[in-house]
Amino acid sequence: MTEAALPIPWLAADDETTPLPDPETALAEPNGLLAIGASLSPQRLEAAYRAGIFPWYSPGEPILWWSPDPRAIIAMGTLHISRSLDRALRRLDYTVTLDHAFDAVVQACAAPRADQPGTWITPDMQAAYSRLHTVGLAHSIEVWRDGALIGGLYGVSLGRAFFGESMFSRATNGSKIAMAWLCAQLRAWEFHFLDCQMPTEHLSSLGAQSLPRRRFLLTLAASQRHATHLGPWTLDVKDYRHD
């Protein structure tokens, strides 16, 4: 990949002042690619997420910034809980925490998987989100059984939007249990939606809907008119079905 090969901006690593481009200028192919370069500083990441942009790149690549069209979100109150998941949730043979083991959750999400031997959660990405967690903008939810971490997810919270980044399971339904309890807590705090980034069949089965980018950006703008619920977070809902 060379600078001349793509009609999109390249930003210097030390450039903290040039804003990322308007998401509506993103490429159609690859879907949503918007800019290359810049840094993963807390300031750059916060500005990107507020604009509907996120970083995603593989080891050995420069930082790539994306705003795909369409965009997948789970609106509060629309998470689909299947019968089997509901049984697992009601079993209560687990405990759930928030912001208790952020780095461990990120590392678990970055671990190679059977169908995906590589990872896009590079050491630089892990360090960047750890810094965001330190300033209260990135959060994790953890699911434990017998003292072992069996599932979880992490993401970024700004205004009344939660931007999901990645999830993992070490036991059946581990990540889905985390999702159910996180959505219950977000509803209690009057969040508007959980951003899932790219639509997938798995996310659709959980109730995610696909929004045209323009509609997503309007929905995002409305969520950013509210104050950010800074961390560290504590789970205070008593029921995963909180409404």
# chains A, B, ... in the order shown; residues from 1 in each chain; ligands from 1
>>> residues_around(residues="A:Arg187", least_positions_apart="3", cutoff="10 Å", atoms="only C-alpha atoms", output="MDAnalysis selection string")
chainID A and resid 75:77 160 181:184 190:193 237 241:243
>>> write_last_selection(atoms="C-alpha atoms", output="compact mmCIF listing (two decimals), in the first residue's frame")
# COMPACT_ATOMS: atom_id res chain seq x y z
CA ALA A 75 -30.65 0.04 20.02
CA MET A 76 -31.40 -0.15 23.71
CA GLY A 77 -34.22 -2.56 24.44
CA ARG A 160 -24.86 8.08 25.44
CA TRP A 181 -25.74 -7.55 31.26
CA LEU A 182 -23.95 -4.66 29.55
CA CYS A 183 -27.10 -3.75 27.61
CA ALA A 184 -29.12 -3.89 30.84
CA GLU A 190 -30.33 5.83 29.37
CA PHE A 191 -27.81 5.12 26.64
CA HIS A 192 -29.15 5.30 23.09
CA PHE A 193 -27.35 2.41 21.37
CA VAL A 237 -28.53 -3.38 37.81
CA ARG A 241 -33.91 -7.85 31.76
CA HIS A 242 -33.77 -4.30 33.15
CA ASP A 243 -36.10 -2.00 31.21
>>> residues_around(residues="A:Leu40", least_positions_apart="4", cutoff="12 Å", atoms="only C-alpha atoms", output="NGL selection string")
:A and (11-16 or 36 or 44-49 or 54-57 or 62-65 or 122-132)
>>> residues_around(residues="A:Trp66", least_positions_apart="2", cutoff="6 Å", atoms="only C-alpha atoms", output="list in words")
Gly32, Leu33, Leu34, Ile53 and Phe54 of chain A
>>> atom_distance(atom1="atom CA of A:Ala101", atom2="atom CA of A:Arg83")
29.1 Å
>>> select_by_dssp(residues="stretch 12-72 of chain A", states="strand (DSSP E)", output="list in words")
Leu33, Leu34, Ala35, Ile36, Gly37, Phe54, Pro55, Leu64, Trp65, Trp66, Arg71 and Ala72 of chain A
>>> write_last_selection(atoms="N, CA and C atoms", output="mmCIF file, in the first residue's frame")
data_model
loop_
_atom_site.group_PDB
_atom_site.id
_atom_site.type_symbol
_atom_site.label_atom_id
_atom_site.label_comp_id
_atom_site.auth_asym_id
_atom_site.auth_seq_id
_atom_site.Cartn_x
_atom_site.Cartn_y
_atom_site.Cartn_z
ATOM 1 N N LEU A 33 -13.215 2.789 4.155
ATOM 2 C CA LEU A 33 -11.854 3.277 4.399
ATOM 3 C C LEU A 33 -11.801 4.783 4.166
ATOM 4 N N LEU A 34 -11.277 5.488 5.161
ATOM 5 C CA LEU A 34 -11.395 6.947 5.185
ATOM 6 C C LEU A 34 -10.060 7.668 5.209
ATOM 7 N N ALA A 35 -9.101 7.152 5.946
ATOM 8 C CA ALA A 35 -7.812 7.824 6.102
ATOM 9 C C ALA A 35 -6.782 6.823 6.587
ATOM 10 N N ILE A 36 -5.512 7.225 6.458
ATOM 11 C CA ILE A 36 -4.384 6.381 6.859
ATOM 12 C C ILE A 36 -3.439 7.225 7.710
ATOM 13 N N GLY A 37 -2.870 6.598 8.740
ATOM 14 C CA GLY A 37 -1.844 7.272 9.528
ATOM 15 C C GLY A 37 -2.382 7.856 10.818
ATOM 16 N N PHE A 54 -13.563 4.663 13.368
ATOM 17 C CA PHE A 54 -12.783 3.805 14.257
ATOM 18 C C PHE A 54 -11.556 3.260 13.521
ATOM 19 N N PRO A 55 -10.489 2.905 14.276
ATOM 20 C CA PRO A 55 -9.295 2.326 13.655
ATOM 21 C C PRO A 55 -9.418 0.811 13.540
ATOM 22 N N LEU A 64 -5.321 2.374 9.896
ATOM 23 C CA LEU A 64 -6.382 2.611 8.922
ATOM 24 C C LEU A 64 -7.637 3.044 9.675
ATOM 25 N N TRP A 65 -8.304 4.073 9.166
ATOM 26 C CA TRP A 65 -9.503 4.622 9.805
ATOM 27 C C TRP A 65 -10.722 4.357 8.932
ATOM 28 N N TRP A 66 -11.839 3.939 9.564
ATOM 29 C CA TRP A 66 -12.999 3.444 8.830
ATOM 30 C C TRP A 66 -14.286 4.091 9.310
ATOM 31 N N ARG A 71 -23.988 0.681 8.894
ATOM 32 C CA ARG A 71 -23.396 0.530 10.219
ATOM 33 C C ARG A 71 -24.344 -0.282 11.090
ATOM 34 N N ALA A 72 -23.810 -1.235 11.840
ATOM 35 C CA ALA A 72 -24.632 -2.090 12.688
ATOM 36 C C ALA A 72 -24.693 -1.526 14.101
#
>>> select_by_dssp(residues="stretch 11-218 of chain A", states="alpha helix (DSSP H)", output="ChimeraX atom specification")
/A:42-50,83-91,102-110,123-134,174-188,201-205,213-218
>>> closest_atom_pairs(of="stretch 35-108 of chain A", to="stretch 202-220 of chain A", cutoff="10 Å", atoms="only C-alpha atoms", output="JSON lines")
{"residue": "A:Tyr49", "atom": "CA", "partner": "A:Leu220", "partner_atom": "CA", "distance": 9.5}
{"residue": "A:Arg50", "atom": "CA", "partner": "A:Leu220", "partner_atom": "CA", "distance": 7.6}
{"residue": "A:Ala51", "atom": "CA", "partner": "A:Leu217", "partner_atom": "CA", "distance": 7.5}
{"residue": "A:Gly52", "atom": "CA", "partner": "A:Leu217", "partner_atom": "CA", "distance": 6.5}
{"residue": "A:Ile53", "atom": "CA", "partner": "A:Leu217", "partner_atom": "CA", "distance": 9.9}
{"residue": "A:Ser67", "atom": "CA", "partner": "A:Arg213", "partner_atom": "CA", "distance": 7.8}
{"residue": "A:Pro68", "atom": "CA", "partner": "A:Arg213", "partner_atom": "CA", "distance": 6.9}
{"residue": "A:Asp69", "atom": "CA", "partner": "A:Arg213", "partner_atom": "CA", "distance": 4.8}
{"residue": "A:Pro70", "atom": "CA", "partner": "A:Pro212", "partner_atom": "CA", "distance": 4.5}
{"residue": "A:Arg71", "atom": "CA", "partner": "A:Leu211", "partner_atom": "CA", "distance": 5.2}
{"residue": "A:Ala72", "atom": "CA", "partner": "A:Ser210", "partner_atom": "CA", "distance": 4.5}
{"residue": "A:Ile73", "atom": "CA", "partner": "A:Ala208", "partner_atom": "CA", "distance": 5.3}
{"residue": "A:Ile74", "atom": "CA", "partner": "A:Ala208", "partner_atom": "CA", "distance": 4.5}
{"residue": "A:Ala75", "atom": "CA", "partner": "A:Ala208", "partner_atom": "CA", "distance": 7.5}
{"residue": "A:Gly77", "atom": "CA", "partner": "A:Gly207", "partner_atom": "CA", "distance": 9.5}
{"residue": "A:Thr78", "atom": "CA", "partner": "A:Gly207", "partner_atom": "CA", "distance": 5.9}
{"residue": "A:Leu79", "atom": "CA", "partner": "A:Gly207", "partner_atom": "CA", "distance": 4.9}
{"residue": "A:His80", "atom": "CA", "partner": "A:Leu206", "partner_atom": "CA", "distance": 4.7}
{"residue": "A:Ile81", "atom": "CA", "partner": "A:Leu206", "partner_atom": "CA", "distance": 6.9}
{"residue": "A:Ser82", "atom": "CA", "partner": "A:Leu206", "partner_atom": "CA", "distance": 8.4}
>>> write_last_selection(atoms="N, CA, C and O atoms", output="PDB file, in the first residue's frame")
ATOM      1  N   TYR A  49     -14.129   8.552  17.363  1.00  0.00           N
ATOM      2  CA  TYR A  49     -15.375   7.880  17.745  1.00  0.00           C
ATOM      3  C   TYR A  49     -16.549   8.854  17.752  1.00  0.00           C
ATOM      4  O   TYR A  49     -17.659   8.502  17.328  1.00  0.00           O
ATOM      5  N   ARG A  50     -16.331  10.066  18.225  1.00  0.00           N
ATOM      6  CA  ARG A  50     -17.429  11.047  18.228  1.00  0.00           C
ATOM      7  C   ARG A  50     -17.892  11.362  16.809  1.00  0.00           C
ATOM      8  O   ARG A  50     -19.045  11.762  16.600  1.00  0.00           O
ATOM      9  N   ALA A  51     -17.025  11.170  15.829  1.00  0.00           N
ATOM     10  CA  ALA A  51     -17.366  11.433  14.433  1.00  0.00           C
ATOM     11  C   ALA A  51     -17.846  10.187  13.693  1.00  0.00           C
ATOM     12  O   ALA A  51     -18.112  10.243  12.489  1.00  0.00           O
ATOM     13  N   GLY A  52     -17.927   9.042  14.397  1.00  0.00           N
ATOM     14  CA  GLY A  52     -18.375   7.812  13.750  1.00  0.00           C
ATOM     15  C   GLY A  52     -17.282   7.075  13.016  1.00  0.00           C
ATOM     16  O   GLY A  52     -17.555   6.337  12.064  1.00  0.00           O
ATOM     17  N   ILE A  53     -16.045   7.228  13.475  1.00  0.00           N
ATOM     18  CA  ILE A  53     -14.869   6.651  12.817  1.00  0.00           C
ATOM     19  C   ILE A  53     -14.132   5.772  13.819  1.00  0.00           C
ATOM     20  O   ILE A  53     -14.058   6.106  15.012  1.00  0.00           O
ATOM     21  N   SER A  67     -15.231   4.216   8.379  1.00  0.00           N
ATOM     22  CA  SER A  67     -16.615   4.574   8.686  1.00  0.00           C
ATOM     23  C   SER A  67     -17.490   3.873   7.654  1.00  0.00           C
ATOM     24  O   SER A  67     -17.857   4.452   6.626  1.00  0.00           O
ATOM     25  N   PRO A  68     -17.826   2.597   7.901  1.00  0.00           N
ATOM     26  CA  PRO A  68     -18.511   1.785   6.888  1.00  0.00           C
ATOM     27  C   PRO A  68     -19.969   2.198   6.688  1.00  0.00           C
ATOM     28  O   PRO A  68     -20.585   2.840   7.532  1.00  0.00           O
ATOM     29  N   ASP A  69     -20.497   1.797   5.558  1.00  0.00           N
ATOM     30  CA  ASP A  69     -21.889   2.044   5.197  1.00  0.00           C
ATOM     31  C   ASP A  69     -22.455   0.748   4.613  1.00  0.00           C
ATOM     32  O   ASP A  69     -21.993   0.304   3.560  1.00  0.00           O
ATOM     33  N   PRO A  70     -23.405   0.085   5.302  1.00  0.00           N
ATOM     34  CA  PRO A  70     -24.145   0.534   6.486  1.00  0.00           C
ATOM     35  C   PRO A  70     -23.369   0.277   7.773  1.00  0.00           C
ATOM     36  O   PRO A  70     -22.284  -0.307   7.752  1.00  0.00           O
ATOM     37  N   ARG A  71     -23.988   0.681   8.894  1.00  0.00           N
ATOM     38  CA  ARG A  71     -23.396   0.530  10.219  1.00  0.00           C
ATOM     39  C   ARG A  71     -24.344  -0.282  11.090  1.00  0.00           C
ATOM     40  O   ARG A  71     -25.560  -0.051  11.072  1.00  0.00           O
ATOM     41  N   ALA A  72     -23.810  -1.235  11.840  1.00  0.00           N
ATOM     42  CA  ALA A  72     -24.632  -2.090  12.688  1.00  0.00           C
ATOM     43  C   ALA A  72     -24.693  -1.526  14.101  1.00  0.00           C
ATOM     44  O   ALA A  72     -23.662  -1.180  14.683  1.00  0.00           O
ATOM     45  N   ILE A  73     -25.900  -1.426  14.655  1.00  0.00           N
ATOM     46  CA  ILE A  73     -26.068  -1.000  16.041  1.00  0.00           C
ATOM     47  C   ILE A  73     -27.123  -1.873  16.713  1.00  0.00           C
ATOM     48  O   ILE A  73     -27.973  -2.475  16.035  1.00  0.00           O
ATOM     49  N   ILE A  74     -27.052  -1.942  18.031  1.00  0.00           N
ATOM     50  CA  ILE A  74     -28.129  -2.519  18.825  1.00  0.00           C
ATOM     51  C   ILE A  74     -28.738  -1.381  19.622  1.00  0.00           C
ATOM     52  O   ILE A  74     -28.090  -0.819  20.515  1.00  0.00           O
ATOM     53  N   ALA A  75     -29.958  -0.997  19.270  1.00  0.00           N
ATOM     54  CA  ALA A  75     -30.655   0.042  20.021  1.00  0.00           C
ATOM     55  C   ALA A  75     -31.061  -0.521  21.376  1.00  0.00           C
ATOM     56  O   ALA A  75     -31.346  -1.721  21.509  1.00  0.00           O
ATOM     57  N   GLY A  77     -32.931  -1.888  24.358  1.00  0.00           N
ATOM     58  CA  GLY A  77     -34.222  -2.564  24.437  1.00  0.00           C
ATOM     59  C   GLY A  77     -34.488  -3.530  23.299  1.00  0.00           C
ATOM     60  O   GLY A  77     -35.536  -4.178  23.290  1.00  0.00           O
ATOM     61  N   THR A  78     -33.549  -3.664  22.344  1.00  0.00           N
ATOM     62  CA  THR A  78     -33.784  -4.533  21.194  1.00  0.00           C
ATOM     63  C   THR A  78     -32.875  -5.754  21.163  1.00  0.00           C
ATOM     64  O   THR A  78     -32.911  -6.519  20.201  1.00  0.00           O
ATOM     65  N   LEU A  79     -32.046  -5.942  22.184  1.00  0.00           N
ATOM     66  CA  LEU A  79     -31.185  -7.125  22.210  1.00  0.00           C
ATOM     67  C   LEU A  79     -32.051  -8.379  22.216  1.00  0.00           C
ATOM     68  O   LEU A  79     -32.973  -8.515  23.035  1.00  0.00           O
ATOM     69  N   HIS A  80     -31.790  -9.300  21.301  1.00  0.00           N
ATOM     70  CA  HIS A  80     -32.552 -10.542  21.229  1.00  0.00           C
ATOM     71  C   HIS A  80     -31.910 -11.588  22.133  1.00  0.00           C
ATOM     72  O   HIS A  80     -30.736 -11.926  21.969  1.00  0.00           O
ATOM     73  N   ILE A  81     -32.663 -12.079  23.087  1.00  0.00           N
ATOM     74  CA  ILE A  81     -32.194 -13.125  24.003  1.00  0.00           C
ATOM     75  C   ILE A  81     -32.938 -14.405  23.676  1.00  0.00           C
ATOM     76  O   ILE A  81     -34.150 -14.501  23.891  1.00  0.00           O
ATOM     77  N   SER A  82     -32.226 -15.367  23.129  1.00  0.00           N
ATOM     78  CA  SER A  82     -32.840 -16.636  22.747  1.00  0.00           C
ATOM     79  C   SER A  82     -33.215 -17.433  23.993  1.00  0.00           C
ATOM     80  O   SER A  82     -32.810 -17.117  25.117  1.00  0.00           O
TER      81      SER A  82
END
>>> atom_distance(atom1="atom CA of A:Met179", atom2="atom CA of A:Cys196")
11.4 Å
>>> closest_atom_pairs(of="stretch 139-191 of chain A", to="stretch 102-109 of chain A", cutoff="10 Å", atoms="only C-alpha atoms", output="CSV")
residue,atom,partner,partner_atom,distance
A:His139,CA,A:Phe102,CA,6.7
A:Ser140,CA,A:Phe102,CA,5.2
A:Ile141,CA,A:Phe102,CA,7.8
A:Glu142,CA,A:Val105,CA,7.2
A:Val143,CA,A:Val105,CA,9.8
A:Leu149,CA,A:Val105,CA,8.4
A:Ile150,CA,A:Ala108,CA,9.6
A:Gly151,CA,A:Val105,CA,8.0
A:Gly152,CA,A:Val105,CA,6.2
A:Leu153,CA,A:Val105,CA,6.5
A:Tyr154,CA,A:Val106,CA,6.9
A:Gly155,CA,A:Val106,CA,9.5
A:Glu165,CA,A:Cys109,CA,9.2
A:Ser166,CA,A:Cys109,CA,6.1
A:Met167,CA,A:Cys109,CA,5.7
A:Phe168,CA,A:Cys109,CA,5.3
A:Ser169,CA,A:Ala108,CA,8.5
A:Arg170,CA,A:Ala108,CA,9.0
>>> write_last_selection(atoms="C-alpha atoms", output="PDB file, in the first residue's frame")
ATOM      1  CA  HIS A 139     -14.644  -0.045  29.599  1.00  0.00           C
ATOM      2  CA  SER A 140     -14.854  -3.794  29.966  1.00  0.00           C
ATOM      3  CA  ILE A 141     -17.474  -6.206  31.223  1.00  0.00           C
ATOM      4  CA  GLU A 142     -16.294  -9.509  32.612  1.00  0.00           C
ATOM      5  CA  VAL A 143     -18.062 -12.825  33.196  1.00  0.00           C
ATOM      6  CA  LEU A 149     -12.713 -15.332  33.317  1.00  0.00           C
ATOM      7  CA  ILE A 150     -15.041 -17.086  30.839  1.00  0.00           C
ATOM      8  CA  GLY A 151     -16.229 -14.210  28.669  1.00  0.00           C
ATOM      9  CA  GLY A 152     -16.367 -10.488  28.176  1.00  0.00           C
ATOM     10  CA  LEU A 153     -16.175  -7.540  25.865  1.00  0.00           C
ATOM     11  CA  TYR A 154     -14.693  -4.069  25.772  1.00  0.00           C
ATOM     12  CA  GLY A 155     -15.413  -0.791  24.041  1.00  0.00           C
ATOM     13  CA  GLU A 165     -14.769  -3.208  19.968  1.00  0.00           C
ATOM     14  CA  SER A 166     -14.414  -6.934  20.560  1.00  0.00           C
ATOM     15  CA  MET A 167     -15.715  -9.829  22.654  1.00  0.00           C
ATOM     16  CA  PHE A 168     -14.532 -13.301  23.598  1.00  0.00           C
ATOM     17  CA  SER A 169     -15.832 -16.555  25.082  1.00  0.00           C
ATOM     18  CA  ARG A 170     -13.993 -19.312  26.906  1.00  0.00           C
TER      19      ARG A 170
END
>>> closest_residue(among="A:Ala221, A:Leu85, A:Gly136, A:Pro232", to="A:Thr172", atoms="only C-alpha atoms")
A:Leu85
>>> atom_distance(atom1="atom CA of A:Ala178", atom2="atom CA of A:Val96")
7.4 Å
>>> decode(residues="stretch 46-64 of chain A", atoms="N, CA and C atoms", output="short mmCIF file (atom, residue, chain, number, x, y, z; two decimals), in the first residue's frame")
data_model
loop_
_atom_site.label_atom_id
_atom_site.label_comp_id
_atom_site.auth_asym_id
_atom_site.auth_seq_id
_atom_site.Cartn_x
_atom_site.Cartn_y
_atom_site.Cartn_z
N GLU A 46 -10.76 9.69 20.74
CA GLU A 46 -12.03 10.30 21.17
C GLU A 46 -12.67 11.08 20.04
N ALA A 47 -11.88 11.89 19.34
CA ALA A 47 -12.43 12.68 18.22
C ALA A 47 -12.95 11.76 17.13
N ALA A 48 -12.24 10.66 16.87
CA ALA A 48 -12.67 9.73 15.82
C ALA A 48 -14.01 9.09 16.17
N TYR A 49 -14.13 8.55 17.36
CA TYR A 49 -15.37 7.88 17.74
C TYR A 49 -16.55 8.85 17.75
N ARG A 50 -16.33 10.07 18.23
CA ARG A 50 -17.43 11.05 18.23
C ARG A 50 -17.89 11.36 16.81
N ALA A 51 -17.02 11.17 15.83
CA ALA A 51 -17.37 11.43 14.43
C ALA A 51 -17.85 10.19 13.69
N GLY A 52 -17.93 9.04 14.40
CA GLY A 52 -18.38 7.81 13.75
C GLY A 52 -17.28 7.07 13.02
N ILE A 53 -16.05 7.23 13.47
CA ILE A 53 -14.87 6.65 12.82
C ILE A 53 -14.13 5.77 13.82
N PHE A 54 -13.56 4.66 13.37
CA PHE A 54 -12.78 3.80 14.26
C PHE A 54 -11.56 3.26 13.52
N PRO A 55 -10.49 2.90 14.28
CA PRO A 55 -9.29 2.33 13.66
C PRO A 55 -9.42 0.81 13.54
N TRP A 56 -8.86 0.26 12.47
CA TRP A 56 -8.88 -1.19 12.27
C TRP A 56 -7.82 -1.51 11.23
N TYR A 57 -6.82 -2.26 11.63
CA TYR A 57 -5.73 -2.59 10.71
C TYR A 57 -5.01 -3.83 11.21
N SER A 58 -4.26 -4.45 10.32
CA SER A 58 -3.55 -5.68 10.65
C SER A 58 -2.10 -5.39 10.99
N PRO A 59 -1.42 -6.31 11.67
CA PRO A 59 0.00 -6.12 11.97
C PRO A 59 0.80 -5.85 10.69
N GLY A 60 1.70 -4.88 10.77
CA GLY A 60 2.51 -4.53 9.61
C GLY A 60 1.90 -3.45 8.74
N GLU A 61 0.63 -3.12 8.94
CA GLU A 61 -0.02 -2.06 8.18
C GLU A 61 0.05 -0.75 8.96
N PRO A 62 -0.08 0.39 8.25
CA PRO A 62 -0.27 1.65 8.97
C PRO A 62 -1.66 1.68 9.59
N ILE A 63 -1.90 2.65 10.46
CA ILE A 63 -3.23 2.79 11.06
C ILE A 63 -4.23 3.13 9.97
N LEU A 64 -5.32 2.37 9.90
CA LEU A 64 -6.38 2.61 8.92
C LEU A 64 -7.64 3.04 9.68
#
